[in-house]
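One structure is given below, encoded as structure tokens.
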Amino acid sequence: MTTTDAVPEPVAGRGGTHGQRQVSGSHLAPLSPNAHLLEPLIERAAIDPDRVVAAVREGSGFRNVTASEFHGRVRAMAKGLIASEVAPGDRVALMSGTRLEWLMVDYAILAVGAATVPIYETSAADQVSWILADSGAVLAVAETSNMAELIDGSVVDPEVACGEVLVIDGAGLDDLAAKGSEVADEELDRRIAALTIDDLATLVYTSGTTGRPKGCMLTHGNLRANVKQNLDAVASMLGPDERSLLFLPLAHTYAKIIALVGSEYGIKGTFSSGIANLPEELALSSPTMVVAVPRVFEKVFSTAQQRAEAGNVGPIFDRATEVAIRYSRQRAEGSVGWLTRAEHALFDRLVYRKVRDGFGGSMRFAFSGGSPLGERLAHFFDGVGVRIFEGYGLTETGPVLAVNRVDAWRPGTVGRPVAGTSLRLAEDGEVEAKGPQVFRGYWNNEEATREVLADDGWFNTGDVGRIEDGFLRIVGRKKELIVTAGGKNVAPEPMEDQLRAHSLISQAMVVGDNRRFIAAVVTIDEEAFDAWWPGDPNHEISVAEAVDHHDLLAEVQHAVDAVNSKVSRADSIRKFAILPKDLTVEDGEITPTLKVRRAIVAQHYEHVIDEMYAT
């Protein structure tokens with residue numbers, strides 16, 4: 001595998017930004033036909049059995065897990081699955097939050113030649129029922145008894161699917177290991193040896209913002225290739241003792257591929273006990289790197305801003321923010337001015353060090369994906385000393401297609417194609433992708449597969465983008481582009497990103513399809529609101545009670561004005577409404593990876609949106 005920069009490939013006669021319509025990553029050596037996802041795990045346990053590969057929360061600290069312990073537990077559970085008559089090619093459902101057992105169960109399922117069907121811990125009963133029925137899962141593993149009851153109640157035909165549900169928080173996994181004690185090691189070894197790159201590894205049902213979830217078929221080859229593509233992009237940044245704190249849902253391919261990258265390289269993966277415990281556990285684990293969605297970074301910034309304001313040093317933080325952004329931009333351009341350098345050194349002692357301490361004090365870099373990261377936010381954290389590398393991909397693409405890297409970093413873009421990957425723009429600007437990580441198709445849905453995957457391997461992403469000097473910039477989802485009544489095309493996501501950059505705003509959704517003008521609905525971060533509220537401190541007030549309060553309206557208007565200053569009048573937000581509560585996964589308004597489900601939000605707040613256009 002070589003590690004050269006991506007080479008732009010102009011396509012004659014097609015025009016486009018900088019004349020580019022296609023770009024390809026560096027060469028990627030093909031995988032061996034017998035390559036599979038268990039190989040790194042097996043090799044590490046054999047070569048370096050005492051190496052710490054994971055850590056789990058126990059009491060006030062974390063307990064380390066060695067390569068040998070991890071591998072041994074996986075083998076024991078895999079033999080239990082064989083004893084449970086899970087056959088090669090079967091599907092096994094896994095419904096759990098992110099924890100060490102999730103990854104161990106996943107590896108055990110792979111070891112017997114079966115495929116994992118992940119289910120989000122927040123999934124509703126009808127979603128669980130559909131996934132179980134469509135996948136034909138023969139067995140399920142649930143984190144809690146409540147999840148097990150949900151699965152039991154969703155089984156349509158116990159005779160042909162999901163005959164058993166194991167509970168992680170009970171004795172389910174111990175029982176599974178005990179059940180496999182009579183299975184010969186040779187039988188498990190035979191199954192592992194039979195694995196190939198073409199074997200189905202996982203069936204991931206897209207959480208989706210619209211429509212019924214579709215099962216994306218990803219093979220051992222798809223995922224193993226994407227692991228190597230990611231390592232090709234980041235290996236130059238990695239040292240011998242990297243540590244990561246894992247907290248994103250492993251049911252999503254973005255989090256899972258990072259866990260697999262860690263397994264391949266040898267990164268110690270510390271498993272968080274929950275998002276609510278992140279501040280404490282970042283300090284305890286002191287990671288050198290994290291992988292998150294933009295909302296996490298936005299929250300870190302807004303929390304730091306709120307603390308500064310509460311300590312009556314808000315103006316100092318604001319000045320430090322501008323200096324960090326300026327420092328990052330000048331450094332990216334190749335030269336930092338002496339005044340900027342001096343101010344940066346001052347604020348590093350006063351402000352930036354505290355922000356880094358919020359990440360545990362050792363973090364050097366981070367990765368962001370799932371939705372766009374604001375350019376200003378990327379420059380801010382880079383100026384603080386934590387460079388964020390934004391990437392891009394979909395469940396159907398393993399998931400990573402492009403990523404910024406240390407030698408090719410451009411905030412506002414999602415980077416250049418990873419090795420072995422080509423990206424091109426269709427006539428309407430839709431991004432199309434081709435590479436070894438592109439999925440096999442949708443399970444039991446040939447029609448949907450034909451709509452997005454061509455016979456020659458090119459996949460239609462549904463995203464509209466531009467190629468700038470080899471870097472891909474995502475404009476928005478093709479289906480989510482707003483067309484006003486006047487025929488103006490407006491991409492909502494960049495404006496929503498800028499609105500969410502305000503410390504008070506939690507979520508934002510721009511609307512205006514077939515309407516006279518662009519408008520927006522926003523939600524307020526309740527913690528930020530409590531710290532900001534300018535009224536009587538002895539009189540508590542909720543966000544729902546303050547949605548029409550002049551001070552809150554004026555603050556949100558400042559955020560809207562900032563967005564409007566960067567767009568044309570036709571694109572500008574003319575009206576906005578503050579919703580009485582935040583959007584939630586439980587109400588189906590956002591996905592588990594915090595993407596807004598526009599159709600559902602529009603339905604839930606139809607009266608609010610209609611009222612903005614009534615006058």
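Every chain in the structure tokens has a letter given in the order shown (A, B, ...), and although residue numbers restart at 1 in each chain, ligands are simply numbered from 1 in the order shown.
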Residue set, stretch 447-539 of chain A restricted to strand (DSSP E or B), as a ChimeraX atom specification: /A:453,459-468,471-477,482-483,489-490,505-511,518-524
Could you write out that same residue set with N, CA and C atoms as a short mmCIF file (atom, residue, chain, number, x, y, z; two decimals), in the first residue's frame?
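What ended up in out-v8.cif:
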```
data_model
loop_
_atom_site.label_atom_id
_atom_site.label_comp_id
_atom_site.auth_asym_id
_atom_site.auth_seq_id
_atom_site.Cartn_x
_atom_site.Cartn_y
_atom_site.Cartn_z
N LEU A 453 -26.88 1.50 -6.79
CA LEU A 453 -25.64 0.81 -7.10
C LEU A 453 -25.65 0.31 -8.53
N PHE A 459 -21.60 3.94 -6.71
CA PHE A 459 -22.70 4.09 -5.75
C PHE A 459 -23.15 5.54 -5.69
N ASN A 460 -24.47 5.76 -5.76
CA ASN A 460 -25.04 7.11 -5.67
C ASN A 460 -25.27 7.44 -4.19
N THR A 461 -24.56 8.44 -3.68
CA THR A 461 -24.62 8.73 -2.25
C THR A 461 -25.87 9.49 -1.83
N GLY A 462 -26.48 10.24 -2.77
CA GLY A 462 -27.61 11.08 -2.40
C GLY A 462 -27.19 12.43 -1.85
N ASP A 463 -25.88 12.66 -1.75
CA ASP A 463 -25.35 13.94 -1.28
C ASP A 463 -24.89 14.78 -2.47
N VAL A 464 -25.08 16.07 -2.37
CA VAL A 464 -24.61 17.01 -3.39
C VAL A 464 -23.31 17.63 -2.90
N GLY A 465 -22.32 17.68 -3.76
CA GLY A 465 -21.03 18.20 -3.33
C GLY A 465 -20.28 18.96 -4.40
N ARG A 466 -19.11 19.44 -4.02
CA ARG A 466 -18.18 20.10 -4.95
C ARG A 466 -16.79 19.53 -4.69
N ILE A 467 -15.96 19.49 -5.73
CA ILE A 467 -14.57 19.06 -5.58
C ILE A 467 -13.69 20.28 -5.78
N GLU A 468 -12.90 20.59 -4.75
CA GLU A 468 -12.06 21.78 -4.76
C GLU A 468 -10.62 21.36 -4.50
N PHE A 471 -10.23 18.18 -2.75
CA PHE A 471 -11.01 18.04 -1.52
C PHE A 471 -12.50 18.04 -1.85
N LEU A 472 -13.23 17.22 -1.12
CA LEU A 472 -14.68 17.15 -1.32
C LEU A 472 -15.39 18.04 -0.30
N ARG A 473 -16.27 18.88 -0.79
CA ARG A 473 -17.11 19.71 0.07
C ARG A 473 -18.56 19.27 -0.13
N ILE A 474 -19.23 18.88 0.95
CA ILE A 474 -20.62 18.46 0.88
C ILE A 474 -21.53 19.67 1.04
N VAL A 475 -22.42 19.84 0.07
CA VAL A 475 -23.36 20.97 0.09
C VAL A 475 -24.61 20.61 0.86
N GLY A 476 -25.09 19.39 0.70
CA GLY A 476 -26.29 18.95 1.42
C GLY A 476 -26.86 17.69 0.79
N ARG A 477 -27.88 17.15 1.43
CA ARG A 477 -28.56 15.99 0.90
C ARG A 477 -29.38 16.38 -0.32
N ILE A 482 -33.81 22.62 -0.38
CA ILE A 482 -35.07 23.35 -0.34
C ILE A 482 -35.24 24.15 -1.63
N VAL A 483 -36.40 24.03 -2.24
CA VAL A 483 -36.73 24.83 -3.43
C VAL A 483 -37.89 25.75 -3.05
N ASN A 489 -32.94 27.38 -5.12
CA ASN A 489 -32.43 26.19 -4.43
C ASN A 489 -31.58 26.60 -3.24
N VAL A 490 -31.90 26.08 -2.07
CA VAL A 490 -31.19 26.44 -0.85
C VAL A 490 -30.77 25.18 -0.11
N ILE A 505 -28.26 27.45 21.29
CA ILE A 505 -29.04 26.66 20.35
C ILE A 505 -28.56 25.22 20.33
N SER A 506 -29.49 24.29 20.58
CA SER A 506 -29.17 22.86 20.58
C SER A 506 -29.36 22.26 19.19
N GLN A 507 -30.54 22.47 18.61
CA GLN A 507 -30.84 21.94 17.27
C GLN A 507 -31.49 23.02 16.43
N ALA A 508 -31.33 22.89 15.12
CA ALA A 508 -31.93 23.86 14.20
C ALA A 508 -32.37 23.13 12.94
N MET A 509 -33.50 23.53 12.40
CA MET A 509 -33.98 22.97 11.14
C MET A 509 -34.50 24.10 10.27
N VAL A 510 -33.86 24.27 9.12
CA VAL A 510 -34.26 25.30 8.17
C VAL A 510 -35.37 24.75 7.29
N VAL A 511 -36.41 25.54 7.07
CA VAL A 511 -37.55 25.12 6.26
C VAL A 511 -37.82 26.15 5.17
N ILE A 518 -37.36 31.57 3.31
CA ILE A 518 -36.70 30.60 4.19
C ILE A 518 -36.98 30.98 5.66
N ALA A 519 -37.25 29.97 6.46
CA ALA A 519 -37.47 30.17 7.90
C ALA A 519 -36.74 29.06 8.65
N ALA A 520 -36.83 29.09 9.97
CA ALA A 520 -36.14 28.08 10.76
C ALA A 520 -36.87 27.85 12.08
N VAL A 521 -36.78 26.61 12.56
CA VAL A 521 -37.20 26.30 13.92
C VAL A 521 -35.95 25.89 14.68
N VAL A 522 -35.84 26.34 15.93
CA VAL A 522 -34.67 26.03 16.74
C VAL A 522 -35.10 25.51 18.10
N THR A 523 -34.22 24.74 18.72
CA THR A 523 -34.45 24.33 20.10
C THR A 523 -33.32 24.90 20.96
N ILE A 524 -33.58 25.00 22.25
CA ILE A 524 -32.64 25.64 23.17
C ILE A 524 -32.01 24.59 24.08
#
```
List the neighbours of A:Gly383 out to 8 Å using only C-alpha atoms; skip same-chain residues closer than 2 positions along the sequence, and give me the result as a PyMOL selection string. chain A and resi 323-328+379-381+385-387
Output of the above residues as an mmCIF file, in the first residue's frame, restricted to all heavy atoms:
```cif
data_model
loop_
_atom_site.group_PDB
_atom_site.id
_atom_site.type_symbol
_atom_site.label_atom_id
_atom_site.label_comp_id
_atom_site.auth_asym_id
_atom_site.auth_seq_id
_atom_site.Cartn_x
_atom_site.Cartn_y
_atom_site.Cartn_z
ATOM 1 N N VAL A 323 -8.814 34.716 18.443
ATOM 2 C CA VAL A 323 -7.370 34.538 18.262
ATOM 3 C C VAL A 323 -7.058 33.098 17.859
ATOM 4 O O VAL A 323 -6.230 32.862 16.967
ATOM 5 C CB VAL A 323 -6.608 34.916 19.549
ATOM 6 C CG1 VAL A 323 -5.136 34.502 19.448
ATOM 7 C CG2 VAL A 323 -6.707 36.420 19.790
ATOM 8 N N ALA A 324 -7.727 32.127 18.483
ATOM 9 C CA ALA A 324 -7.502 30.718 18.135
ATOM 10 C C ALA A 324 -7.851 30.465 16.677
ATOM 11 O O ALA A 324 -7.114 29.777 15.957
ATOM 12 C CB ALA A 324 -8.330 29.816 19.042
ATOM 13 N N ILE A 325 -8.980 31.020 16.230
ATOM 14 C CA ILE A 325 -9.412 30.837 14.843
ATOM 15 C C ILE A 325 -8.429 31.501 13.886
ATOM 16 O O ILE A 325 -8.032 30.914 12.865
ATOM 17 C CB ILE A 325 -10.834 31.401 14.657
ATOM 18 C CG1 ILE A 325 -11.840 30.548 15.455
ATOM 19 C CG2 ILE A 325 -11.218 31.444 13.177
ATOM 20 C CD1 ILE A 325 -13.222 31.145 15.543
ATOM 21 N N ARG A 326 -8.007 32.715 14.233
ATOM 22 C CA ARG A 326 -7.047 33.431 13.376
ATOM 23 C C ARG A 326 -5.708 32.703 13.324
ATOM 24 O O ARG A 326 -5.087 32.576 12.258
ATOM 25 C CB ARG A 326 -6.872 34.857 13.890
ATOM 26 C CG ARG A 326 -5.880 35.656 13.062
ATOM 27 C CD ARG A 326 -5.832 37.155 13.354
ATOM 28 N NE ARG A 326 -6.458 37.574 14.563
ATOM 29 C CZ ARG A 326 -5.792 37.992 15.659
ATOM 30 N NH1 ARG A 326 -4.461 37.980 15.665
ATOM 31 N NH2 ARG A 326 -6.440 38.421 16.711
ATOM 32 N N TYR A 327 -5.256 32.214 14.465
ATOM 33 C CA TYR A 327 -3.995 31.476 14.534
ATOM 34 C C TYR A 327 -4.041 30.239 13.640
ATOM 35 O O TYR A 327 -3.107 29.956 12.876
ATOM 36 C CB TYR A 327 -3.731 31.074 15.981
ATOM 37 C CG TYR A 327 -2.479 30.264 16.203
ATOM 38 C CD1 TYR A 327 -1.251 30.887 16.426
ATOM 39 C CD2 TYR A 327 -2.519 28.868 16.206
ATOM 40 C CE1 TYR A 327 -0.097 30.136 16.643
ATOM 41 C CE2 TYR A 327 -1.374 28.113 16.420
ATOM 42 C CZ TYR A 327 -0.167 28.751 16.640
ATOM 43 O OH TYR A 327 0.971 28.015 16.843
ATOM 44 N N SER A 328 -5.152 29.487 13.723
ATOM 45 C CA SER A 328 -5.291 28.279 12.919
ATOM 46 C C SER A 328 -5.305 28.604 11.435
ATOM 47 O O SER A 328 -4.647 27.924 10.629
ATOM 48 C CB SER A 328 -6.571 27.537 13.314
ATOM 49 O OG SER A 328 -6.815 26.444 12.461
ATOM 50 N N HIS A 379 -11.462 25.374 13.187
ATOM 51 C CA HIS A 379 -10.316 26.269 13.378
ATOM 52 C C HIS A 379 -10.123 26.611 14.850
ATOM 53 O O HIS A 379 -8.986 26.736 15.327
ATOM 54 C CB HIS A 379 -10.504 27.546 12.561
ATOM 55 C CG HIS A 379 -10.099 27.411 11.126
ATOM 56 N ND1 HIS A 379 -8.818 27.052 10.741
ATOM 57 C CD2 HIS A 379 -10.797 27.587 9.969
ATOM 58 C CE1 HIS A 379 -8.749 27.022 9.422
ATOM 59 N NE2 HIS A 379 -9.926 27.333 8.928
ATOM 60 N N PHE A 380 -11.230 26.760 15.598
ATOM 61 C CA PHE A 380 -11.111 27.058 17.022
ATOM 62 C C PHE A 380 -10.352 25.953 17.738
ATOM 63 O O PHE A 380 -9.376 26.208 18.455
ATOM 64 C CB PHE A 380 -12.487 27.250 17.663
ATOM 65 C CG PHE A 380 -12.452 27.241 19.174
ATOM 66 C CD1 PHE A 380 -12.019 28.367 19.869
ATOM 67 C CD2 PHE A 380 -12.823 26.119 19.891
ATOM 68 C CE1 PHE A 380 -11.955 28.366 21.255
ATOM 69 C CE2 PHE A 380 -12.764 26.108 21.280
ATOM 70 C CZ PHE A 380 -12.334 27.237 21.962
ATOM 71 N N PHE A 381 -10.784 24.705 17.567
ATOM 72 C CA PHE A 381 -10.137 23.608 18.274
ATOM 73 C C PHE A 381 -8.702 23.408 17.800
ATOM 74 O O PHE A 381 -7.820 23.059 18.595
ATOM 75 C CB PHE A 381 -10.953 22.323 18.128
ATOM 76 C CG PHE A 381 -12.121 22.252 19.066
ATOM 77 C CD1 PHE A 381 -13.424 22.360 18.600
ATOM 78 C CD2 PHE A 381 -11.922 22.104 20.427
ATOM 79 C CE1 PHE A 381 -14.499 22.305 19.470
ATOM 80 C CE2 PHE A 381 -12.990 22.054 21.310
ATOM 81 C CZ PHE A 381 -14.287 22.156 20.825
ATOM 82 N N GLY A 385 -5.297 23.560 20.140
ATOM 83 C CA GLY A 385 -4.313 22.492 20.230
ATOM 84 C C GLY A 385 -4.852 21.103 20.004
ATOM 85 O O GLY A 385 -4.160 20.110 20.242
ATOM 86 N N VAL A 386 -6.109 21.034 19.549
ATOM 87 C CA VAL A 386 -6.730 19.736 19.240
ATOM 88 C C VAL A 386 -7.256 19.797 17.806
ATOM 89 O O VAL A 386 -8.308 20.376 17.551
ATOM 90 C CB VAL A 386 -7.883 19.412 20.208
ATOM 91 C CG1 VAL A 386 -8.545 18.093 19.820
ATOM 92 C CG2 VAL A 386 -7.387 19.350 21.645
ATOM 93 N N ARG A 387 -6.522 19.226 16.891
ATOM 94 C CA ARG A 387 -6.957 19.283 15.495
ATOM 95 C C ARG A 387 -8.035 18.229 15.242
ATOM 96 O O ARG A 387 -7.877 17.068 15.598
ATOM 97 C CB ARG A 387 -5.781 19.068 14.543
ATOM 98 C CG ARG A 387 -6.190 19.041 13.072
ATOM 99 C CD ARG A 387 -5.019 19.198 12.141
ATOM 100 N NE ARG A 387 -4.546 20.582 12.126
ATOM 101 C CZ ARG A 387 -3.666 21.054 11.233
ATOM 102 N NH1 ARG A 387 -3.161 20.253 10.299
ATOM 103 N NH2 ARG A 387 -3.290 22.308 11.269
#
```
How many Å lie between atom CA of A:Pro118 and atom CA of A:Leu139, rounded to one decimal?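 Interatomic distance here is 12.1 Å.
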If you count only C-alpha atoms, which residues fall within 9 Å of A:Val138, apart from same-chain ones fewer than 6 positions away, as a CSV table (one decimal) with all heavy atoms, in the first residue's frame?
```csv
chain,number,residue,atom,x,y,z
A,86,VAL,N,-26.0,-21.9,15.8
A,86,VAL,CA,-25.9,-20.8,14.9
A,86,VAL,C,-24.9,-21.2,13.8
A,86,VAL,O,-23.8,-21.6,14.0
A,86,VAL,CB,-25.3,-19.5,15.6
A,86,VAL,CG1,-25.1,-18.4,14.6
A,86,VAL,CG2,-26.3,-19.0,16.7
A,90,ASP,N,-26.0,-17.4,9.1
A,90,ASP,CA,-27.1,-17.0,9.9
A,90,ASP,C,-26.9,-15.5,10.3
A,90,ASP,O,-25.8,-15.0,10.3
A,90,ASP,CB,-27.2,-17.9,11.1
A,90,ASP,CG,-27.9,-19.2,10.8
A,90,ASP,OD1,-28.5,-19.3,9.8
A,90,ASP,OD2,-27.8,-20.1,11.7
A,91,ARG,N,-28.0,-14.9,10.8
A,91,ARG,CA,-27.9,-13.6,11.3
A,91,ARG,C,-28.3,-13.6,12.8
A,91,ARG,O,-29.2,-14.3,13.2
A,91,ARG,CB,-28.9,-12.6,10.6
A,91,ARG,CG,-28.4,-12.1,9.2
A,91,ARG,CD,-28.5,-13.1,8.1
A,91,ARG,NE,-29.9,-13.5,8.0
A,91,ARG,CZ,-30.2,-14.7,7.4
A,91,ARG,NH1,-29.3,-15.6,7.0
A,91,ARG,NH2,-31.5,-15.0,7.3
A,92,VAL,N,-27.5,-12.8,13.6
A,92,VAL,CA,-27.7,-12.7,15.0
A,92,VAL,C,-27.9,-11.3,15.4
A,92,VAL,O,-27.1,-10.4,15.1
A,92,VAL,CB,-26.5,-13.3,15.8
A,92,VAL,CG1,-26.8,-13.1,17.3
A,92,VAL,CG2,-26.3,-14.8,15.5
A,93,ALA,N,-29.0,-11.0,16.0
A,93,ALA,CA,-29.3,-9.6,16.4
A,93,ALA,C,-28.6,-9.2,17.7
A,93,ALA,O,-28.4,-10.0,18.6
A,93,ALA,CB,-30.8,-9.4,16.6
A,132,LEU,N,-36.0,-7.6,13.0
A,132,LEU,CA,-36.0,-9.0,13.3
A,132,LEU,C,-36.6,-9.8,12.2
A,132,LEU,O,-36.1,-10.9,11.7
A,132,LEU,CB,-36.7,-9.3,14.6
A,132,LEU,CG,-36.0,-8.8,15.9
A,132,LEU,CD1,-36.8,-9.0,17.1
A,132,LEU,CD2,-34.6,-9.5,16.1
A,160,VAL,N,-39.3,-19.9,13.3
A,160,VAL,CA,-38.3,-19.7,12.2
A,160,VAL,C,-37.3,-18.6,12.5
A,160,VAL,O,-36.3,-18.4,11.8
A,160,VAL,CB,-39.0,-19.4,10.9
A,160,VAL,CG1,-39.8,-20.5,10.5
A,160,VAL,CG2,-39.8,-18.1,11.0
A,161,ALA,N,-37.5,-17.8,13.6
A,161,ALA,CA,-36.6,-16.7,13.9
A,161,ALA,C,-36.5,-16.5,15.4
A,161,ALA,O,-37.4,-16.6,16.1
A,161,ALA,CB,-37.1,-15.4,13.2
A,162,CYS,N,-35.3,-16.1,15.8
A,162,CYS,CA,-35.0,-15.6,17.1
A,162,CYS,C,-35.6,-16.5,18.2
A,162,CYS,O,-36.4,-16.1,19.0
A,162,CYS,CB,-35.6,-14.2,17.3
A,162,CYS,SG,-34.4,-13.0,17.9
A,163,GLY,N,-35.1,-17.8,18.2
A,163,GLY,CA,-35.5,-18.7,19.2
A,163,GLY,C,-35.0,-18.5,20.6
A,163,GLY,O,-35.6,-19.1,21.5
A,164,GLU,N,-34.0,-17.6,20.7
A,164,GLU,CA,-33.4,-17.4,22.0
A,164,GLU,C,-33.0,-16.0,22.2
A,164,GLU,O,-32.5,-15.4,21.2
A,164,GLU,CB,-32.3,-18.4,22.2
A,164,GLU,CG,-31.6,-18.3,23.6
A,164,GLU,CD,-30.5,-19.3,23.8
A,164,GLU,OE1,-30.2,-20.0,22.8
A,164,GLU,OE2,-30.0,-19.5,24.9
```
Near stretch 58-61 of chain A, counting only C-alpha atoms, which residues have an atom at most 9 Å away, once you skip same-chain residues fewer than 4 positions from it, shown as a PyMOL selection string? chain A and resi 281+284-285
Residues within 10 Å of A:Phe347, please, as a PyMOL selection string. Count only C-alpha atoms; anything in the same chain fewer than 2 positions from it doesn't count. chain A and resi 316-317+319-321+323-324+342-345+349-353+384
Generate a file of the selected residues that holds all heavy atoms, formatted as a short mmCIF file (atom, residue, chain, number, x, y, z; two decimals), in the first residue's frame.
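Everything below was put into again.cif:
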```
data_model
loop_
_atom_site.label_atom_id
_atom_site.label_comp_id
_atom_site.auth_asym_id
_atom_site.auth_seq_id
_atom_site.Cartn_x
_atom_site.Cartn_y
_atom_site.Cartn_z
N ILE A 316 -13.13 37.88 27.60
CA ILE A 316 -11.79 37.29 27.43
C ILE A 316 -11.90 36.01 26.60
O ILE A 316 -11.09 35.77 25.69
CB ILE A 316 -11.15 36.99 28.80
CG1 ILE A 316 -10.87 38.30 29.53
CG2 ILE A 316 -9.87 36.18 28.63
CD1 ILE A 316 -10.30 38.11 30.93
N PHE A 317 -12.91 35.18 26.91
CA PHE A 317 -13.09 33.95 26.14
C PHE A 317 -13.41 34.27 24.69
O PHE A 317 -12.89 33.61 23.78
CB PHE A 317 -14.22 33.10 26.75
CG PHE A 317 -14.41 31.79 26.06
CD1 PHE A 317 -13.66 30.68 26.41
CD2 PHE A 317 -15.33 31.66 25.02
CE1 PHE A 317 -13.82 29.46 25.77
CE2 PHE A 317 -15.49 30.44 24.37
CZ PHE A 317 -14.73 29.34 24.74
N ARG A 319 -12.51 36.86 22.97
CA ARG A 319 -11.29 37.32 22.32
C ARG A 319 -10.36 36.12 22.05
O ARG A 319 -9.77 36.01 20.98
CB ARG A 319 -10.57 38.33 23.21
CG ARG A 319 -9.24 38.84 22.65
CD ARG A 319 -9.42 39.59 21.35
NE ARG A 319 -8.14 40.06 20.82
CZ ARG A 319 -7.98 40.57 19.61
NH1 ARG A 319 -9.02 40.66 18.79
NH2 ARG A 319 -6.80 40.98 19.21
N ALA A 320 -10.28 35.23 23.03
CA ALA A 320 -9.44 34.05 22.87
C ALA A 320 -9.94 33.18 21.72
O ALA A 320 -9.14 32.58 20.98
CB ALA A 320 -9.42 33.23 24.17
N THR A 321 -11.25 33.11 21.56
CA THR A 321 -11.84 32.34 20.46
C THR A 321 -11.40 32.89 19.11
O THR A 321 -10.98 32.15 18.22
CB THR A 321 -13.38 32.36 20.56
OG1 THR A 321 -13.78 31.72 21.76
CG2 THR A 321 -14.02 31.65 19.37
N VAL A 323 -8.81 34.72 18.44
CA VAL A 323 -7.37 34.54 18.26
C VAL A 323 -7.06 33.10 17.86
O VAL A 323 -6.23 32.86 16.97
CB VAL A 323 -6.61 34.92 19.55
CG1 VAL A 323 -5.14 34.50 19.45
CG2 VAL A 323 -6.71 36.42 19.79
N ALA A 324 -7.73 32.13 18.48
CA ALA A 324 -7.50 30.72 18.14
C ALA A 324 -7.85 30.47 16.68
O ALA A 324 -7.11 29.78 15.96
CB ALA A 324 -8.33 29.82 19.04
N ALA A 342 1.83 36.05 19.62
CA ALA A 342 1.95 36.54 21.00
C ALA A 342 0.63 36.40 21.75
O ALA A 342 0.59 35.95 22.90
CB ALA A 342 2.42 38.00 20.99
N GLU A 343 -0.47 36.79 21.10
CA GLU A 343 -1.78 36.67 21.73
C GLU A 343 -2.11 35.21 21.99
O GLU A 343 -2.69 34.85 23.04
CB GLU A 343 -2.85 37.30 20.85
CG GLU A 343 -2.83 38.81 20.82
CD GLU A 343 -3.99 39.37 20.00
OE1 GLU A 343 -4.01 39.13 18.77
OE2 GLU A 343 -4.87 40.02 20.58
N HIS A 344 -1.75 34.35 21.04
CA HIS A 344 -2.03 32.93 21.19
C HIS A 344 -1.29 32.35 22.40
O HIS A 344 -1.85 31.55 23.17
CB HIS A 344 -1.62 32.18 19.91
CG HIS A 344 -1.96 30.73 19.93
ND1 HIS A 344 -1.08 29.77 20.40
CD2 HIS A 344 -3.08 30.06 19.54
CE1 HIS A 344 -1.64 28.58 20.30
NE2 HIS A 344 -2.84 28.72 19.78
N ALA A 345 -0.04 32.75 22.61
CA ALA A 345 0.73 32.27 23.75
C ALA A 345 0.09 32.71 25.07
O ALA A 345 0.05 31.95 26.04
CB ALA A 345 2.16 32.79 23.66
N ARG A 349 -2.21 30.04 28.05
CA ARG A 349 -2.11 29.91 29.50
C ARG A 349 -3.45 30.20 30.18
O ARG A 349 -3.80 29.57 31.17
CB ARG A 349 -1.04 30.85 30.05
CG ARG A 349 0.37 30.51 29.60
CD ARG A 349 1.41 31.29 30.38
NE ARG A 349 1.27 32.73 30.19
CZ ARG A 349 1.86 33.42 29.23
NH1 ARG A 349 2.63 32.78 28.35
NH2 ARG A 349 1.71 34.72 29.12
N LEU A 350 -4.20 31.15 29.63
CA LEU A 350 -5.42 31.60 30.30
C LEU A 350 -6.65 30.76 29.94
O LEU A 350 -7.53 30.55 30.78
CB LEU A 350 -5.70 33.06 29.94
CG LEU A 350 -4.68 34.10 30.40
CD1 LEU A 350 -5.08 35.48 29.86
CD2 LEU A 350 -4.58 34.11 31.91
N VAL A 351 -6.74 30.29 28.67
CA VAL A 351 -7.97 29.68 28.17
C VAL A 351 -7.76 28.30 27.55
O VAL A 351 -8.41 27.33 27.94
CB VAL A 351 -8.65 30.60 27.14
CG1 VAL A 351 -9.91 29.95 26.57
CG2 VAL A 351 -8.99 31.95 27.76
N TYR A 352 -6.86 28.21 26.59
CA TYR A 352 -6.77 27.01 25.77
C TYR A 352 -6.41 25.77 26.59
O TYR A 352 -6.92 24.67 26.32
CB TYR A 352 -5.75 27.18 24.64
CG TYR A 352 -5.99 28.40 23.79
CD1 TYR A 352 -4.93 29.06 23.16
CD2 TYR A 352 -7.27 28.92 23.61
CE1 TYR A 352 -5.13 30.17 22.37
CE2 TYR A 352 -7.48 30.05 22.83
CZ TYR A 352 -6.41 30.69 22.21
OH TYR A 352 -6.62 31.80 21.45
N ARG A 353 -5.53 25.95 27.58
CA ARG A 353 -5.13 24.81 28.40
C ARG A 353 -6.34 24.22 29.12
O ARG A 353 -6.46 23.00 29.26
CB ARG A 353 -4.08 25.24 29.41
CG ARG A 353 -3.50 24.10 30.24
CD ARG A 353 -2.40 24.61 31.14
NE ARG A 353 -1.32 25.23 30.37
CZ ARG A 353 -0.33 25.93 30.93
NH1 ARG A 353 -0.30 26.11 32.23
NH2 ARG A 353 0.62 26.45 30.17
N VAL A 384 -6.68 25.84 19.58
CA VAL A 384 -6.57 25.46 20.99
C VAL A 384 -5.52 24.36 21.18
O VAL A 384 -4.92 24.24 22.25
CB VAL A 384 -7.95 24.98 21.52
CG1 VAL A 384 -7.83 24.21 22.81
CG2 VAL A 384 -8.87 26.17 21.70
#
```
Name the residues in contact with stretch 416-423 of chain A at a cut-off of 9 Å, using only C-alpha atoms, excluding same-chain residues fewer than 2 positions from it; report them as a PyMOL selection string. chain A and resi 1-6+21-30+225-226+228-230+232-233+391+400-405+408-409+413-414+425+431-437+458+470-472
